[in-house]
>>> print(open('final_16.cif').read())   # mmCIF, C-alpha atoms and all ligand atoms
data_final
#
loop_
_atom_site.label_atom_id
_atom_site.label_comp_id
_atom_site.auth_asym_id
_atom_site.auth_seq_id
_atom_site.Cartn_x
_atom_site.Cartn_y
_atom_site.Cartn_z
CA MET A 1 -39.13 -22.85 70.05
CA GLU A 2 -40.24 -23.28 66.58
CA GLN A 3 -39.12 -26.40 65.03
CA GLY A 4 -39.02 -30.04 65.29
CA ILE A 5 -37.20 -32.27 64.44
CA ALA A 6 -36.12 -35.69 63.78
CA THR A 7 -33.82 -36.98 66.44
CA GLN A 8 -31.19 -39.56 65.89
CA LYS A 9 -29.10 -41.29 68.44
CA ALA A 10 -25.44 -41.43 67.72
CA PRO A 11 -23.36 -43.94 69.59
CA ARG A 12 -21.80 -42.14 72.55
CA SER A 13 -18.45 -43.33 71.39
CA ALA A 14 -19.12 -41.66 68.05
CA LEU A 15 -19.77 -38.31 69.66
CA TYR A 16 -16.70 -38.51 71.83
CA ALA A 17 -14.66 -39.68 68.88
CA CYS A 18 -15.78 -36.66 66.92
CA ILE A 19 -15.20 -34.27 69.81
CA THR A 20 -11.77 -35.77 70.19
CA MET A 21 -11.13 -35.34 66.48
CA MET A 22 -12.13 -31.72 66.63
CA LEU A 23 -9.99 -31.11 69.69
CA VAL A 24 -7.03 -32.72 68.01
CA ALA A 25 -7.61 -30.61 64.91
CA THR A 26 -7.93 -27.52 67.05
CA MET A 27 -4.81 -28.18 69.05
CA ALA A 28 -2.89 -28.61 65.84
CA GLN A 29 -3.94 -25.07 64.97
CA GLY A 30 -2.78 -23.85 68.36
CA SER A 31 -6.04 -22.20 69.32
CA LEU A 32 -7.13 -24.42 72.17
CA THR A 33 -5.65 -23.42 75.49
CA THR A 34 -5.33 -26.35 77.80
CA ASP A 35 -4.34 -23.95 80.54
CA ALA A 36 -7.12 -21.46 79.96
CA PRO A 37 -8.77 -20.41 83.22
CA TYR A 38 -11.59 -22.93 82.86
CA HIS A 39 -9.17 -25.80 82.54
CA GLN A 40 -7.14 -24.62 85.52
CA VAL A 41 -10.06 -24.79 87.90
CA ASP A 42 -10.58 -27.82 90.11
CA ARG A 43 -14.27 -28.06 89.43
CA CYS A 44 -14.87 -30.85 91.92
CA ALA A 45 -13.61 -28.62 94.72
CA LEU A 46 -16.57 -26.34 94.04
CA VAL A 47 -19.35 -28.89 93.74
CA ASP A 48 -20.19 -29.17 97.43
CA ASP A 49 -20.50 -25.41 97.79
CA LEU A 50 -22.99 -24.72 95.02
CA GLN A 51 -25.81 -22.49 96.19
CA PHE A 52 -28.58 -22.99 93.66
CA ASP A 53 -31.91 -23.83 95.31
CA GLY A 54 -34.15 -26.03 93.16
CA GLN A 55 -37.08 -25.60 95.54
CA ALA A 56 -36.95 -21.83 95.13
CA ALA A 57 -36.91 -22.23 91.34
CA ASN A 58 -39.85 -24.60 91.55
CA ALA A 59 -41.80 -22.03 93.58
CA SER A 60 -41.08 -19.50 90.84
CA VAL A 61 -42.58 -21.83 88.23
CA GLN A 62 -45.77 -22.02 90.30
CA TRP A 63 -45.80 -18.25 90.74
CA GLN A 64 -45.47 -17.62 87.01
CA VAL A 65 -48.20 -20.10 86.11
CA ASP A 66 -50.48 -18.63 88.80
CA LEU A 67 -50.08 -15.21 87.20
CA GLY A 68 -51.91 -16.52 84.14
CA PRO A 69 -50.84 -16.58 80.50
CA ARG A 70 -47.83 -14.33 79.97
CA LEU A 71 -48.94 -13.10 76.57
CA PRO A 72 -47.05 -10.23 74.91
CA GLY A 73 -48.71 -6.90 75.58
CA SER A 74 -50.97 -8.27 78.32
CA ASN A 75 -51.47 -7.00 81.85
CA VAL A 76 -50.09 -10.28 83.17
CA SER A 77 -46.94 -9.74 81.14
CA GLU A 78 -46.62 -6.24 82.58
CA SER A 79 -47.15 -7.55 86.10
CA PHE A 80 -44.46 -10.19 85.59
CA ARG A 81 -41.98 -7.58 84.38
CA GLN A 82 -42.74 -5.25 87.28
CA THR A 83 -42.19 -7.97 89.87
CA ILE A 84 -38.90 -9.25 88.47
CA THR A 85 -37.68 -5.70 87.91
CA ASP A 86 -38.24 -4.93 91.58
CA GLN A 87 -36.57 -8.17 92.70
CA LEU A 88 -33.53 -7.83 90.46
CA THR A 89 -33.06 -4.13 91.16
CA THR A 90 -33.00 -4.92 94.87
CA LEU A 91 -30.27 -7.49 94.22
CA GLY A 92 -28.10 -4.84 92.53
CA TYR A 93 -28.89 -5.44 88.89
CA GLU A 94 -29.52 -2.63 86.44
CA VAL A 95 -32.81 -3.53 84.77
CA THR A 96 -33.79 -2.10 81.40
CA GLN A 97 -36.47 -2.86 78.83
CA GLN A 98 -36.64 -2.67 75.06
CA GLU A 99 -39.96 -2.56 73.27
CA HIS A 100 -40.53 -3.72 69.72
CA GLN A 101 -43.46 -4.08 67.40
CA ARG A 102 -43.56 -7.30 65.46
CA TYR A 103 -46.58 -8.35 63.45
CA ASP A 104 -49.52 -7.37 65.65
CA MET A 105 -47.56 -7.73 68.88
CA ASN A 106 -46.01 -5.24 71.25
CA LEU A 107 -43.20 -7.22 72.79
CA THR A 108 -40.94 -6.17 75.62
CA ASN A 109 -37.51 -7.63 76.28
CA VAL A 110 -36.12 -7.30 79.80
CA PHE A 111 -32.40 -7.12 80.57
CA ALA A 112 -30.95 -7.39 84.07
CA THR A 113 -27.26 -6.57 84.03
CA TRP A 114 -24.79 -7.48 86.74
CA THR A 115 -21.59 -5.48 86.42
CA PRO A 116 -18.54 -6.47 88.46
CA ASN A 117 -16.61 -4.01 90.54
CA GLY A 118 -13.63 -2.78 88.56
CA THR A 119 -13.02 -3.66 84.94
CA SER A 120 -15.38 -5.93 83.08
CA THR A 121 -13.84 -8.32 80.59
CA GLY A 122 -16.93 -8.72 78.43
CA THR A 123 -20.50 -9.87 78.66
CA LEU A 124 -22.09 -13.26 79.14
CA VAL A 125 -25.76 -13.44 78.16
CA LEU A 126 -28.02 -15.96 79.90
CA SER A 127 -31.49 -16.03 78.38
CA ALA A 128 -34.94 -17.59 78.63
CA HIS A 129 -38.26 -16.62 77.11
CA TYR A 130 -40.87 -15.41 79.56
CA ASP A 131 -43.90 -15.36 77.28
CA SER A 132 -46.13 -18.42 77.37
CA ARG A 133 -47.71 -19.79 74.21
CA ASN A 134 -51.09 -18.31 73.29
CA ILE A 135 -52.52 -21.52 71.81
CA ALA A 136 -52.38 -25.13 72.96
CA ASP A 137 -52.38 -26.23 69.33
CA GLN A 138 -50.82 -29.64 70.05
CA ASP A 139 -53.48 -30.64 72.58
CA ASP A 140 -55.29 -33.93 71.93
CA ASN A 141 -58.55 -32.25 72.88
CA GLU A 142 -59.63 -30.04 69.99
CA ASN A 143 -61.56 -27.78 72.35
CA ASN A 144 -58.32 -26.87 74.09
CA ARG A 145 -56.41 -25.85 70.99
CA THR A 146 -57.41 -22.19 71.09
CA LEU A 147 -56.60 -21.82 74.80
CA PRO A 148 -53.32 -20.39 76.10
CA VAL A 149 -50.97 -22.99 77.62
CA PRO A 150 -50.06 -22.85 81.34
CA GLY A 151 -46.41 -22.79 80.28
CA ALA A 152 -44.84 -24.39 83.36
CA ASN A 153 -41.99 -26.00 81.50
CA ASP A 154 -42.19 -24.10 78.21
CA ALA A 155 -41.39 -20.65 79.55
CA ALA A 156 -41.52 -20.63 83.35
CA SER A 157 -38.76 -23.19 83.93
CA GLY A 158 -36.00 -21.26 82.17
CA VAL A 159 -37.07 -17.99 83.78
CA ALA A 160 -37.17 -19.68 87.19
CA VAL A 161 -33.58 -20.88 86.83
CA LEU A 162 -32.41 -17.41 85.79
CA LEU A 163 -34.21 -15.77 88.72
CA GLU A 164 -32.68 -18.18 91.24
CA LEU A 165 -29.22 -17.82 89.69
CA ALA A 166 -29.69 -14.06 90.02
CA ASN A 167 -29.57 -14.45 93.80
CA HIS A 168 -26.06 -15.92 93.64
CA ILE A 169 -24.33 -14.22 90.69
CA PRO A 170 -23.43 -11.11 92.73
CA THR A 171 -21.49 -13.28 95.20
CA MET A 172 -19.47 -15.21 92.61
CA GLY A 173 -16.63 -12.73 92.19
CA LEU A 174 -16.96 -12.75 88.40
CA ASP A 175 -14.78 -10.41 86.35
CA HIS A 176 -17.26 -10.13 83.50
CA GLU A 177 -20.73 -8.72 83.09
CA VAL A 178 -23.72 -11.05 83.19
CA VAL A 179 -26.89 -10.06 81.36
CA LEU A 180 -30.02 -11.98 82.29
CA PHE A 181 -32.11 -11.55 79.16
CA PHE A 182 -35.80 -12.35 79.64
CA ASN A 183 -37.01 -12.42 76.06
CA ASP A 184 -40.59 -11.94 74.93
CA ALA A 185 -42.68 -13.38 72.07
CA GLU A 186 -40.74 -16.58 71.54
CA ASP A 187 -43.82 -18.72 71.18
CA GLN A 188 -46.87 -16.97 69.70
CA ASP A 189 -49.04 -18.49 66.96
CA GLN A 190 -46.76 -19.35 64.07
CA GLN A 191 -44.27 -16.64 64.99
CA TYR A 192 -41.26 -17.66 67.02
CA THR A 193 -38.20 -16.12 68.68
CA LEU A 194 -39.29 -12.57 67.86
CA GLY A 195 -37.83 -10.99 71.00
CA ALA A 196 -34.46 -12.63 70.60
CA GLU A 197 -34.44 -11.72 66.93
CA ALA A 198 -35.22 -8.06 67.69
CA TRP A 199 -32.42 -7.99 70.29
CA ALA A 200 -29.91 -9.49 67.87
CA GLU A 201 -30.86 -7.07 65.11
CA ASN A 202 -30.13 -4.13 67.36
CA LEU A 203 -26.71 -5.22 68.64
CA THR A 204 -23.79 -3.05 67.61
CA GLN A 205 -20.60 -4.57 66.26
CA SER A 206 -18.80 -3.73 69.49
CA GLU A 207 -21.55 -5.35 71.56
CA ILE A 208 -21.30 -8.48 69.43
CA ALA A 209 -17.52 -8.52 69.78
CA SER A 210 -17.66 -8.14 73.56
CA THR A 211 -20.23 -10.92 74.09
CA HIS A 212 -18.56 -14.07 75.34
CA ALA A 213 -21.51 -16.37 74.74
CA PHE A 214 -25.28 -16.71 74.61
CA VAL A 215 -26.58 -19.47 76.88
CA LEU A 216 -30.27 -20.25 76.45
CA LEU A 217 -32.39 -22.22 78.91
CA ASP A 218 -35.63 -23.61 77.50
CA MET A 219 -37.85 -26.39 78.85
CA VAL A 220 -35.42 -27.30 81.63
CA GLY A 221 -37.90 -28.28 84.34
CA ASP A 222 -39.27 -31.61 83.08
CA ALA A 223 -39.40 -34.03 86.02
CA ASP A 224 -38.04 -36.62 83.58
CA LEU A 225 -35.11 -34.42 82.58
CA GLN A 226 -33.23 -35.27 79.39
CA LEU A 227 -30.99 -32.53 78.04
CA HIS A 228 -30.22 -32.96 74.37
CA ASN A 229 -27.54 -31.86 71.96
CA VAL A 230 -29.28 -29.03 70.12
CA LEU A 231 -28.21 -27.90 66.69
CA PRO A 232 -27.08 -25.31 65.97
CA GLY A 233 -24.71 -24.72 68.85
CA ASN A 234 -21.10 -24.03 69.74
CA GLU A 235 -19.12 -27.25 70.16
CA THR A 236 -16.89 -25.89 72.93
CA LEU A 237 -19.90 -24.87 74.99
CA LYS A 238 -21.45 -28.28 74.40
CA SER A 239 -18.35 -30.18 75.45
CA ARG A 240 -18.17 -28.06 78.61
CA VAL A 241 -21.81 -28.78 79.43
CA VAL A 242 -21.00 -32.48 79.16
CA GLU A 243 -17.98 -32.01 81.47
CA LEU A 244 -19.99 -30.01 84.01
CA GLY A 245 -22.76 -32.58 83.80
CA THR A 246 -20.26 -35.35 84.42
CA ASP A 247 -18.96 -33.56 87.53
CA LEU A 248 -22.52 -33.29 88.84
CA GLY A 249 -23.56 -36.88 88.18
CA LEU A 250 -25.75 -36.15 85.18
CA VAL A 251 -24.00 -38.24 82.50
CA ASN A 252 -24.79 -41.92 82.23
CA GLY A 253 -21.80 -44.24 82.35
CA THR A 254 -19.53 -41.74 84.09
CA VAL A 255 -18.40 -41.20 87.68
CA ASP A 256 -19.15 -37.85 89.29
CA CYS A 257 -17.07 -35.73 91.64
CA ARG A 258 -18.40 -37.58 94.68
CA GLY A 259 -17.65 -40.99 93.17
CA GLY A 260 -21.26 -41.73 92.30
CA ALA A 261 -22.62 -43.15 89.07
CA GLY A 262 -24.01 -40.56 86.67
CA LEU A 263 -27.72 -40.38 85.87
CA ASP A 264 -28.84 -40.27 82.24
CA VAL A 265 -29.71 -36.56 82.14
CA VAL A 266 -27.18 -34.92 79.84
CA GLN A 267 -27.83 -36.95 76.70
CA TYR A 268 -25.62 -35.21 74.18
CA ASP A 269 -25.49 -38.27 71.96
CA THR A 270 -29.02 -37.33 70.93
CA LEU A 271 -28.88 -34.60 68.29
CA VAL A 272 -31.94 -32.43 67.71
CA GLY A 273 -32.32 -29.53 65.31
CA VAL A 274 -34.20 -26.71 67.02
CA LEU A 275 -34.91 -23.21 65.85
CA ASP A 276 -34.88 -21.43 69.20
CA ASP A 277 -33.83 -18.04 70.54
CA HIS A 278 -30.14 -18.92 70.36
CA VAL A 279 -30.05 -19.07 66.56
CA HIS A 280 -29.98 -15.30 66.24
CA ALA A 281 -26.87 -14.90 68.39
CA ASP A 282 -25.40 -17.93 66.67
CA ALA A 283 -25.92 -16.34 63.25
CA LEU A 284 -23.95 -13.31 64.45
CA GLY A 285 -21.00 -15.54 65.37
CA ILE A 286 -21.60 -15.33 69.12
CA PRO A 287 -20.86 -18.74 70.68
CA SER A 288 -24.30 -20.05 71.58
CA ILE A 289 -25.95 -23.04 73.18
CA ASP A 290 -29.55 -24.07 73.82
CA ILE A 291 -29.75 -26.09 77.04
CA MET A 292 -33.05 -27.85 76.43
CA ASP A 293 -35.07 -30.98 77.08
CA THR A 294 -36.71 -31.82 73.75
CA SER A 295 -38.72 -34.75 75.12
CA TYR A 296 -41.51 -33.53 77.41
CA GLY A 297 -43.97 -36.32 78.19
CA GLU A 298 -44.34 -39.31 75.91
CA PRO A 299 -42.54 -39.24 72.57
CA LYS A 300 -44.79 -37.86 69.80
CA PRO A 301 -43.55 -37.58 66.21
CA TYR A 302 -42.53 -34.13 65.01
CA THR A 303 -43.10 -32.55 68.39
CA PHE A 304 -41.15 -32.06 71.62
CA GLY A 305 -43.30 -34.61 73.44
CA SER A 306 -46.93 -35.17 74.44
CA TYR A 307 -47.09 -32.30 76.98
CA TRP A 308 -45.52 -29.75 74.66
CA HIS A 309 -47.86 -26.93 73.56
CA THR A 310 -50.78 -28.52 75.39
CA MET A 311 -52.81 -27.77 78.50
CA GLU A 312 -50.76 -30.51 80.18
CA ASP A 313 -47.77 -28.19 80.54
CA THR A 314 -48.50 -27.71 84.24
CA PRO A 315 -46.32 -27.34 87.36
CA ASP A 316 -46.84 -30.96 88.44
CA LYS A 317 -44.83 -32.05 85.37
CA VAL A 318 -41.88 -29.95 86.57
CA SER A 319 -39.65 -30.81 89.52
CA ALA A 320 -37.36 -28.98 91.91
CA GLU A 321 -34.79 -31.72 91.29
CA SER A 322 -34.66 -31.04 87.54
CA LEU A 323 -34.56 -27.27 87.99
CA GLY A 324 -31.85 -27.77 90.60
CA ALA A 325 -29.79 -29.97 88.30
CA VAL A 326 -29.82 -27.40 85.51
CA GLY A 327 -29.29 -24.53 87.92
CA ARG A 328 -26.29 -26.16 89.54
CA LEU A 329 -24.83 -27.00 86.14
CA VAL A 330 -25.04 -23.37 85.03
CA GLU A 331 -23.81 -22.16 88.43
CA LEU A 332 -20.78 -24.45 88.23
CA GLY A 333 -20.20 -23.18 84.69
CA LEU A 334 -20.31 -19.59 85.90
CA ARG A 335 -17.96 -20.26 88.80
CA THR A 336 -15.45 -22.08 86.55
CA GLN A 337 -15.60 -19.65 83.60
CA ALA A 338 -16.90 -22.43 81.36
CA PHE A 339 -18.92 -20.00 79.27
CA VAL A 340 -16.38 -17.23 78.71
CA ASN A 341 -13.11 -16.70 76.83
CA LEU A 342 -14.02 -19.54 74.50
CA GLY A 343 -11.54 -18.55 71.84
CA GLU A 344 -8.72 -17.27 74.01
CA GLU A 345 -5.22 -17.95 72.74
CA ILE A 346 -2.13 -18.21 74.90
CA GLU A 347 0.15 -16.79 72.24
CA SER A 348 -1.78 -13.61 71.63
CA GLY A 349 -2.57 -12.92 75.27
CA ASP A 350 -5.82 -11.37 74.14
CA ASP A 351 -7.97 -10.12 76.97
CA HIS A 352 -10.98 -10.90 74.93
CA PRO A 353 -11.64 -13.55 72.35
CA SER A 354 -12.50 -12.76 68.81
CA HIS A 355 -15.32 -14.73 67.33
CA ALA A 356 -13.05 -15.75 64.52
CA ASP A 357 -11.07 -17.64 67.13
CA ALA A 358 -14.23 -19.28 68.36
CA ASP A 359 -15.00 -20.37 64.82
CA VAL A 360 -11.59 -21.95 64.46
CA GLU A 361 -12.05 -23.68 67.79
CA ASP A 362 -15.15 -25.28 66.36
CA GLY A 363 -12.95 -26.78 63.72
CA VAL A 364 -14.83 -25.08 60.92
CA SER A 365 -14.00 -21.58 59.83
CA THR A 366 -17.25 -20.00 58.82
CA GLY A 367 -19.37 -17.10 59.91
CA SER A 368 -22.35 -19.32 60.45
CA LYS A 369 -22.41 -21.66 63.39
CA THR A 370 -25.43 -23.28 61.84
CA LEU A 371 -23.27 -24.26 58.92
CA ALA A 372 -20.50 -25.25 61.29
CA SER A 373 -22.82 -27.55 63.16
CA LEU A 374 -24.21 -29.07 60.02
CA ALA A 375 -20.72 -29.47 58.62
CA ALA A 376 -19.75 -31.27 61.80
CA VAL A 377 -22.70 -33.58 61.29
CA GLY A 378 -21.47 -34.19 57.76
CA LEU A 379 -18.11 -35.13 59.20
CA PHE A 380 -19.80 -37.64 61.48
CA SER A 381 -21.35 -39.29 58.44
CA ILE A 382 -18.12 -39.32 56.49
CA ILE A 383 -16.31 -41.17 59.20
CA GLY A 384 -18.88 -43.89 59.08
CA PHE A 385 -21.66 -42.97 61.49
CA ILE A 386 -24.88 -42.30 59.71
CA LEU A 387 -26.79 -39.43 61.16
CA LEU A 388 -29.90 -37.87 59.80
CA VAL A 389 -30.83 -34.47 61.09
CA GLU A 390 -33.99 -33.45 59.36
CA TRP A 391 -35.12 -29.86 59.52
CA LYS A 392 -38.81 -29.87 59.21
CA ARG A 393 -41.35 -27.26 60.12
CA LYS A 394 -43.74 -28.76 62.58
CA PRO A 395 -47.37 -29.22 61.57
ZN ZN B 401 -42.96 -23.54 73.00
#
>>> encode(input="final_16.cif", output="structure tokens", more="lines below")
Ligand SMILES: [Zn+2]
Amino acid sequence: MEQGIATQKAPRSALYACITMMLVATMAQGSLTTDAPYHQVDRCALVDDLQFDGQAANASVQWQVDLGPRLPGSNVSESFRQTITDQLTTLGYEVTQQEHQRYDMNLTNVFATWTPNGTSTGTLVLSAHYDSRNIADQDDNENNRTLPVPGANDAASGVAVLLELANHIPTMGLDHEVVLFFNDAEDQDQQYTLGAEAWAENLTQSEIASTHAFVLLDMVGDADLQLHNVLPGNETLKSRVVELGTDLGLVNGTVDCRGGAGLDVVQYDTLVGVLDDHVHADALGIPSIDIMDTSYGEPKPYTFGSYWHTMEDTPDKVSAESLGAVGRLVELGLRTQAFVNLGEEIESGDDHPSHADADVEDGVSTGSKTLASLAAVGLFSIIGFILLVEWKRKP
């Protein structure tokens, strides 16, 4: 991901107050369905049956790092694609590739599509970048700064979660398509999110309209996992991630489904502006979220932590527990329809949401979710909580 970032903690009560305000505003407009499928599900009844295997995801991180740098156009990149294509095809996915030329790079996006039996009610896109950064330009050791990073957390972790989820998606009985989008060239030199941008540019209007959401996983393996509230992002998706995290014992100060005290993992009172792959879907009006840990290692100003974009981004910094926590959160979201039908209205009985509805549900009617998110931040300030979200290109 490209940009850092000044983070600012908002009081948890402030965030909840604002979410509540937006929900109240939304309900007044009649567009929030309290009896939408997601809200009808007893999520806690599903928690003990989740299948996601954090150890398997952790093994995938090691496998990817052992392949070597996954640089666009490289033999390693080709080998990675061949292996996952074989795996996912065996599981019943249709795997396709799209190639693009950007700058001096030949990048290849990979799409693994699971289609339900019978009628599909739209498409959910789950994405992660599979390229690893070509330069460790944040390394303290100057001699390392021209070397490619190992990319255990920054690349392999998100891919590992998608690959392990892929084992279970076919058994979930979903009524919508799931596209696992392994995007290329997110993190090369000073060029970022090129694969996701190329994908978004080539979407047709009907593909945009039939996409429920874009859920991005980036840097989700940090052994000291702290998932932050990334701007831009869809507020409904964010509030559902907080609810799912609460169920799973990942929200500090809450009680989980088993009656245990929540850990401080889902920290959505910490707002961070990040230009990541999700911004391109977001700009098209597709509800989008970046599930990301923006603090990898020790805090370091204007970066995502002391291990980020360094040779320290190695598998020992990643844990099966963290990968498992994120994987189970997304699995529970899939099984409870948390990421689909975000704008569904009872009155209209629409089979598929329009993105205009999703915009209204955000409480701000605008084509740009970036603007919606920033406007929401403005609202926070107006009601008396001072937040500074500084967009600043990193050095
Ligand atoms: Zn990166």
>>> closest_residue(input="final_16.cif", among="A:Ile84, A:Met219, A:Val242, A:Val159", to="ligand ZN 401 (chain B)", atoms="all atoms listed in the file")
A:Met219
>>> residues_near_ligand(input="final_16.cif", ligand="ligand ZN 401 (chain B)", cutoff="8 Å", atoms="only C-alpha atoms and all ligand atoms", output="PyMOL selection string")
chain A and resi 1-2+132-133+154-155+186-187+308-309
>>> write_last_selection(input="final_16.cif", atoms="C-alpha atoms", output="PDB file, in the frame of the given file")
ATOM      1  CA  MET A   1     -39.130 -22.850  70.050  1.00  0.00           C
ATOM      2  CA  GLU A   2     -40.240 -23.280  66.580  1.00  0.00           C
ATOM      3  CA  SER A 132     -46.130 -18.420  77.370  1.00  0.00           C
ATOM      4  CA  ARG A 133     -47.710 -19.790  74.210  1.00  0.00           C
ATOM      5  CA  ASP A 154     -42.190 -24.100  78.210  1.00  0.00           C
ATOM      6  CA  ALA A 155     -41.390 -20.650  79.550  1.00  0.00           C
ATOM      7  CA  GLU A 186     -40.740 -16.580  71.540  1.00  0.00           C
ATOM      8  CA  ASP A 187     -43.820 -18.720  71.180  1.00  0.00           C
ATOM      9  CA  TRP A 308     -45.520 -29.750  74.660  1.00  0.00           C
ATOM     10  CA  HIS A 309     -47.860 -26.930  73.560  1.00  0.00           C
TER      11      HIS A 309
END
>>> residues_near_point(input="final_16.cif", point="(-21.1, -24.4, 70.8)", cutoff="7 Å", atoms="all atoms listed in the file", output="PDB file with C-alpha atoms, keeping the file's coordinate frame")
ATOM      1  CA  GLY A 233     -24.710 -24.720  68.850  1.00  0.00           C
ATOM      2  CA  ASN A 234     -21.100 -24.030  69.740  1.00  0.00           C
ATOM      3  CA  GLU A 235     -19.120 -27.250  70.160  1.00  0.00           C
ATOM      4  CA  THR A 236     -16.890 -25.890  72.930  1.00  0.00           C
ATOM      5  CA  LEU A 237     -19.900 -24.870  74.990  1.00  0.00           C
ATOM      6  CA  LYS A 238     -21.450 -28.280  74.400  1.00  0.00           C
ATOM      7  CA  PRO A 287     -20.860 -18.740  70.680  1.00  0.00           C
ATOM      8  CA  SER A 288     -24.300 -20.050  71.580  1.00  0.00           C
ATOM      9  CA  ILE A 289     -25.950 -23.040  73.180  1.00  0.00           C
TER      10      ILE A 289
END
>>> closest_residue(input="final_16.cif", among="A:Val178, A:Val265, A:Leu203, A:Ile135", to="Ala166 in chain A", atoms="all atoms listed in the file")
A:Val178
>>> residues_around(input="final_16.cif", residues="Ser210 in chain A", least_positions_apart="4", cutoff="7 Å", atoms="all atoms listed in the file", output="ChimeraX atom specification")
/A:122-123,206
>>> closest_residue(input="final_16.cif", among="A:Leu88, A:Ile286, A:Met105, A:Leu124", to="Ser74 in chain A", atoms="all atoms listed in the file")
A:Met105
>>> residues_around(input="final_16.cif", residues="Thr314 in chain A", least_positions_apart="5", cutoff="8 Å", atoms="only C-alpha atoms", output="list in words")
Val65, Pro150, Gly151, Ala152 and Asn153 of chain A
>>> residues_around(input="final_16.cif", residues="Arg81 in chain A", least_positions_apart="4", cutoff="9 Å", atoms="all atoms listed in the file", output="list of chain:residue names")
A:Val76, A:Ser77, A:Thr85, A:Asp86, A:Thr108, A:Val110
>>> closest_residue(input="final_16.cif", among="A:Asp189, A:Thr254, A:Val41, A:Ala261", to="Gln138 in chain A", atoms="all atoms listed in the file")
A:Asp189
>>> closest_residue(input="final_16.cif", among="A:Gly333, A:Gly343, A:Gly324, A:Pro170", to="Asp42 in chain A", atoms="all atoms listed in the file")
A:Gly333
>>> atom_distance(input="final_16.cif", atom1="CA of Gln97 in chain A", atom2="CA of Glu78 in chain A")
11.3 Å
>>> atom_distance(input="final_16.cif", atom1="CA of Leu50 in chain A", atom2="CA of Glu331 in chain A")
7.1 Å
>>> axis_aligned_box(input="final_16.cif", around="range 317-321 of chain A", padding_each_side="3 Å", output="AutoDock Vina command-line options")
--center_x -39.8 --center_y -30.5 --center_z 88.6 --size_x 16.0 --size_y 9.1 --size_z 12.5
>>> closest_residue(input="final_16.cif", among="A:Asp222, A:Asp131, A:Glu94, A:Asp316", to="Leu67 in chain A", atoms="all atoms listed in the file")
A:Asp131
>>> atom_distance(input="final_16.cif", atom1="CA of Asn75 in chain A", atom2="CA of Thr146 in chain A")
19.5 Å
